[in-house]
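So this block is run22.cif, mmCIF, C-alpha atoms:
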```
data_final
#
loop_
_atom_site.label_atom_id
_atom_site.label_comp_id
_atom_site.auth_asym_id
_atom_site.auth_seq_id
_atom_site.Cartn_x
_atom_site.Cartn_y
_atom_site.Cartn_z
CA MET L 3 -7.51 -36.75 -34.36
CA ASP L 4 -9.38 -39.70 -32.85
CA PHE L 5 -9.68 -43.08 -34.49
CA VAL L 6 -13.05 -44.69 -35.22
CA VAL L 7 -13.64 -47.89 -33.23
CA THR L 8 -15.76 -50.61 -34.84
CA TRP L 9 -16.75 -53.99 -33.45
CA SER L 10 -16.93 -57.17 -35.50
CA PRO L 11 -20.14 -59.22 -35.20
CA GLN L 12 -18.08 -61.98 -33.56
CA VAL L 13 -17.32 -59.72 -30.59
CA ARG L 14 -21.02 -59.58 -29.69
CA ASP L 15 -21.03 -63.39 -29.45
CA ASP L 16 -17.78 -63.35 -27.47
CA LEU L 17 -19.21 -60.87 -24.96
CA ASN L 18 -22.46 -62.81 -24.62
CA ASP L 19 -20.49 -66.00 -23.93
CA ILE L 20 -18.29 -64.25 -21.36
CA ALA L 21 -21.28 -62.69 -19.62
CA ALA L 22 -23.18 -66.00 -19.51
CA TYR L 23 -20.19 -67.82 -18.04
CA ILE L 24 -19.48 -65.21 -15.34
CA ALA L 25 -23.19 -64.75 -14.55
CA LYS L 26 -23.35 -68.36 -13.31
CA GLY L 27 -21.47 -67.10 -10.27
CA SER L 28 -22.41 -63.42 -10.21
CA PRO L 29 -24.67 -61.54 -12.64
CA ARG L 30 -23.45 -58.25 -11.17
CA TYR L 31 -19.80 -59.13 -11.78
CA ALA L 32 -20.66 -60.30 -15.31
CA SER L 33 -22.17 -56.92 -16.08
CA ALA L 34 -19.17 -55.10 -14.62
CA VAL L 35 -16.65 -57.15 -16.63
CA VAL L 36 -18.51 -56.65 -19.91
CA GLY L 37 -18.81 -52.92 -19.13
CA GLU L 38 -15.05 -52.67 -18.56
CA ILE L 39 -14.34 -54.52 -21.81
CA LEU L 40 -16.62 -52.17 -23.75
CA ALA L 41 -15.03 -49.11 -22.11
CA ALA L 42 -11.53 -50.35 -22.92
CA GLY L 43 -12.54 -50.96 -26.52
CA ARG L 44 -14.01 -47.47 -26.86
CA SER L 45 -10.84 -45.96 -25.36
CA LEU L 46 -8.83 -47.30 -28.30
CA ALA L 47 -10.15 -44.30 -30.26
CA LEU L 48 -7.61 -42.15 -28.41
CA PHE L 49 -4.62 -44.49 -28.00
CA PRO L 50 -4.86 -47.42 -30.42
CA ARG L 51 -1.16 -48.31 -30.38
CA ARG L 52 -1.02 -48.67 -26.60
CA GLY L 53 -1.73 -52.41 -26.82
CA ARG L 54 0.98 -54.93 -27.46
CA VAL L 55 1.37 -56.74 -30.78
CA VAL L 56 -0.55 -60.04 -30.71
CA PRO L 57 2.26 -62.59 -30.19
CA GLU L 58 0.66 -65.28 -32.36
CA LEU L 59 0.45 -62.91 -35.33
CA GLY L 60 3.50 -60.64 -35.10
CA ASP L 61 1.74 -57.93 -37.15
CA GLU L 62 2.25 -54.33 -35.94
CA ASN L 63 -1.37 -53.54 -36.80
CA CYS L 64 -2.83 -56.48 -34.85
CA ARG L 65 -2.75 -55.60 -31.18
CA GLU L 66 -4.33 -56.49 -27.87
CA VAL L 67 -5.14 -54.99 -24.51
CA PHE L 68 -6.20 -56.90 -21.42
CA VAL L 69 -9.20 -56.33 -19.18
CA TYR L 70 -9.09 -58.62 -16.18
CA GLU L 71 -8.13 -61.95 -17.78
CA TYR L 72 -9.65 -61.18 -21.20
CA ARG L 73 -7.77 -60.24 -24.35
CA ILE L 74 -9.35 -57.54 -26.52
CA ILE L 75 -7.84 -58.20 -29.94
CA TYR L 76 -8.03 -55.48 -32.55
CA ARG L 77 -6.68 -54.42 -35.91
CA ILE L 78 -5.64 -50.90 -36.90
CA GLU L 79 -6.37 -49.92 -40.49
CA GLY L 80 -5.88 -46.28 -41.39
CA ARG L 81 -7.90 -44.27 -38.86
CA THR L 82 -10.10 -47.24 -37.92
CA VAL L 83 -9.67 -49.66 -35.04
CA GLN L 84 -11.69 -52.84 -35.50
CA VAL L 85 -12.15 -54.98 -32.41
CA VAL L 86 -12.15 -58.49 -33.85
CA ALA L 87 -12.30 -60.77 -30.80
CA VAL L 88 -12.47 -60.93 -27.02
CA ILE L 89 -11.05 -64.16 -25.63
CA HIS L 90 -9.77 -65.50 -22.33
CA GLY L 91 -6.13 -64.67 -21.75
CA ARG L 92 -5.13 -68.32 -21.53
CA ARG L 93 -6.48 -69.06 -25.00
CA LEU L 94 -4.29 -68.68 -28.03
CA LEU L 95 -5.72 -66.96 -31.05
CA GLY L 96 -6.59 -69.53 -33.66
CA PRO L 97 -9.39 -71.00 -35.73
CA ARG L 98 -12.83 -70.92 -34.13
CA GLN L 99 -14.11 -74.22 -32.80
CA GLY L 100 -17.69 -74.81 -33.96
#
```
Could you quickly redo this structure as structure tokens?
Amino acid sequence: MDFVVTWSPQVRDDLNDIAAYIAKGSPRYASAVVGEILAAGRSLALFPRRGRVVPELGDENCREVFVYEYRIIYRIEGRTVQVVAVIHGRRLLGPRQG
């Protein structure tokens, strides 16, 4: 049985920021990267535990997969996978800077 994948509102902002940054150099590449991130997120419906545990959290239900240099961070709750953030791989997960 597949899981249901949901996306937090913050992820929309994360993806817009990523696309805007990459588009400065290549709008086409920006579109491709965002498309790959979305596809990877959707694929969590089939294999949600394939990602590693987020090192900063150490919680078995908080996991991440990488697309290019971006971390797709998600939480598994029951039969739901909620994508909670997409950040650059060099950034540590922590409080949002305003």
Test item: residues at most 12 Å from Ala34 (chain L), only C-alpha atoms, excluding those fewer than 2 positions along its chain, as JSON, numbers by chain | {"L": [17, 20, 21, 24, 25, 28, 29, 30, 31, 32, 36, 37, 38, 39, 40, 41, 69, 70]}
Save out the residues we just selected, C-alpha atoms, as a compact mmCIF listing (two decimals), in the frame of the given file.
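Final output, saved to selection-v8.txt:
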```txt
# COMPACT_ATOMS: atom_id res chain seq x y z
CA LEU L 17 -19.21 -60.87 -24.96
CA ILE L 20 -18.29 -64.25 -21.36
CA ALA L 21 -21.28 -62.69 -19.62
CA ILE L 24 -19.48 -65.21 -15.34
CA ALA L 25 -23.19 -64.75 -14.55
CA SER L 28 -22.41 -63.42 -10.21
CA PRO L 29 -24.67 -61.54 -12.64
CA ARG L 30 -23.45 -58.25 -11.17
CA TYR L 31 -19.80 -59.13 -11.78
CA ALA L 32 -20.66 -60.30 -15.31
CA VAL L 36 -18.51 -56.65 -19.91
CA GLY L 37 -18.81 -52.92 -19.13
CA GLU L 38 -15.05 -52.67 -18.56
CA ILE L 39 -14.34 -54.52 -21.81
CA LEU L 40 -16.62 -52.17 -23.75
CA ALA L 41 -15.03 -49.11 -22.11
CA VAL L 69 -9.20 -56.33 -19.18
CA TYR L 70 -9.09 -58.62 -16.18
```
What gap, in Å, lies between CA of Cys64 (chain L) and CA of Val83 (chain L)?
->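 According to the coordinates, CA of Cys64 (chain L) and CA of Val83 (chain L) are separated by 9.7 Å.
In this structure, CA of Tyr76 (chain L) sits 18.4 Å away from CA of Asp19 (chain L).
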Shortest contact to Leu46 (chain L), candidates L:Val67, L:Ala22, L:Val86, L:Leu59, atoms counted all atoms listed in the file, goes to L:Val67
Would you translate the PyMOL selection byres ((chain L and resi 90) around 7) into the concrete set of residues it matches in this file, as a ChimeraX atom specification?
-> /L:71-73,89,91-93
Please write as number ranges by chain the full residue list that the PyMOL selection byres ((chain L and resi 57) around 12) yields on this file.
-> L: 53-56, 58-66, 73, 75, 94-96
Please provide the set of residues having any atom within 10 Å of Arg81 (chain L), restricted to only C-alpha atoms, with same-chain residues fewer than 4 positions apart removed, written as a VMD selection string.
-> chain L and resid 3 to 7 47 50
Dump of C-alpha atoms for the selected residues, as an mmCIF file, keeping the file's coordinate frame:
```cif
data_model
loop_
_atom_site.group_PDB
_atom_site.id
_atom_site.type_symbol
_atom_site.label_atom_id
_atom_site.label_comp_id
_atom_site.auth_asym_id
_atom_site.auth_seq_id
_atom_site.Cartn_x
_atom_site.Cartn_y
_atom_site.Cartn_z
ATOM 1 C CA MET L 3 -7.510 -36.750 -34.360
ATOM 2 C CA ASP L 4 -9.380 -39.700 -32.850
ATOM 3 C CA PHE L 5 -9.680 -43.080 -34.490
ATOM 4 C CA VAL L 6 -13.050 -44.690 -35.220
ATOM 5 C CA VAL L 7 -13.640 -47.890 -33.230
ATOM 6 C CA ALA L 47 -10.150 -44.300 -30.260
ATOM 7 C CA PRO L 50 -4.860 -47.420 -30.420
#
```
Taking the file above as input, evaluate the PyMOL selection byres ((chain L and resi 9) around 8) and report the hits as a PyMOL selection string.
-> chain L and resi 7-8+10-11+13-14+84-86
Go ahead and save the picked residues with C-alpha atoms, as a PDB file, keeping the file's coordinate frame.
```
ATOM      1  CA  VAL L   7     -13.640 -47.890 -33.230  1.00  0.00           C
ATOM      2  CA  THR L   8     -15.760 -50.610 -34.840  1.00  0.00           C
ATOM      3  CA  SER L  10     -16.930 -57.170 -35.500  1.00  0.00           C
ATOM      4  CA  PRO L  11     -20.140 -59.220 -35.200  1.00  0.00           C
ATOM      5  CA  VAL L  13     -17.320 -59.720 -30.590  1.00  0.00           C
ATOM      6  CA  ARG L  14     -21.020 -59.580 -29.690  1.00  0.00           C
ATOM      7  CA  GLN L  84     -11.690 -52.840 -35.500  1.00  0.00           C
ATOM      8  CA  VAL L  85     -12.150 -54.980 -32.410  1.00  0.00           C
ATOM      9  CA  VAL L  86     -12.150 -58.490 -33.850  1.00  0.00           C
TER      10      VAL L  86
END
```
Could you tell me how far CA of Asn18 (chain L) lies from CA of Gly80 (chain L), in Å and to one decimal?
-> 28.8 Å
Best match for closeness to Ala42 (chain L) among L:Ile78, L:Phe68, L:Tyr23, L:Asp16, counting only C-alpha atoms |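 Of all the options, L:Phe68 lies closest to Ala42 (chain L).
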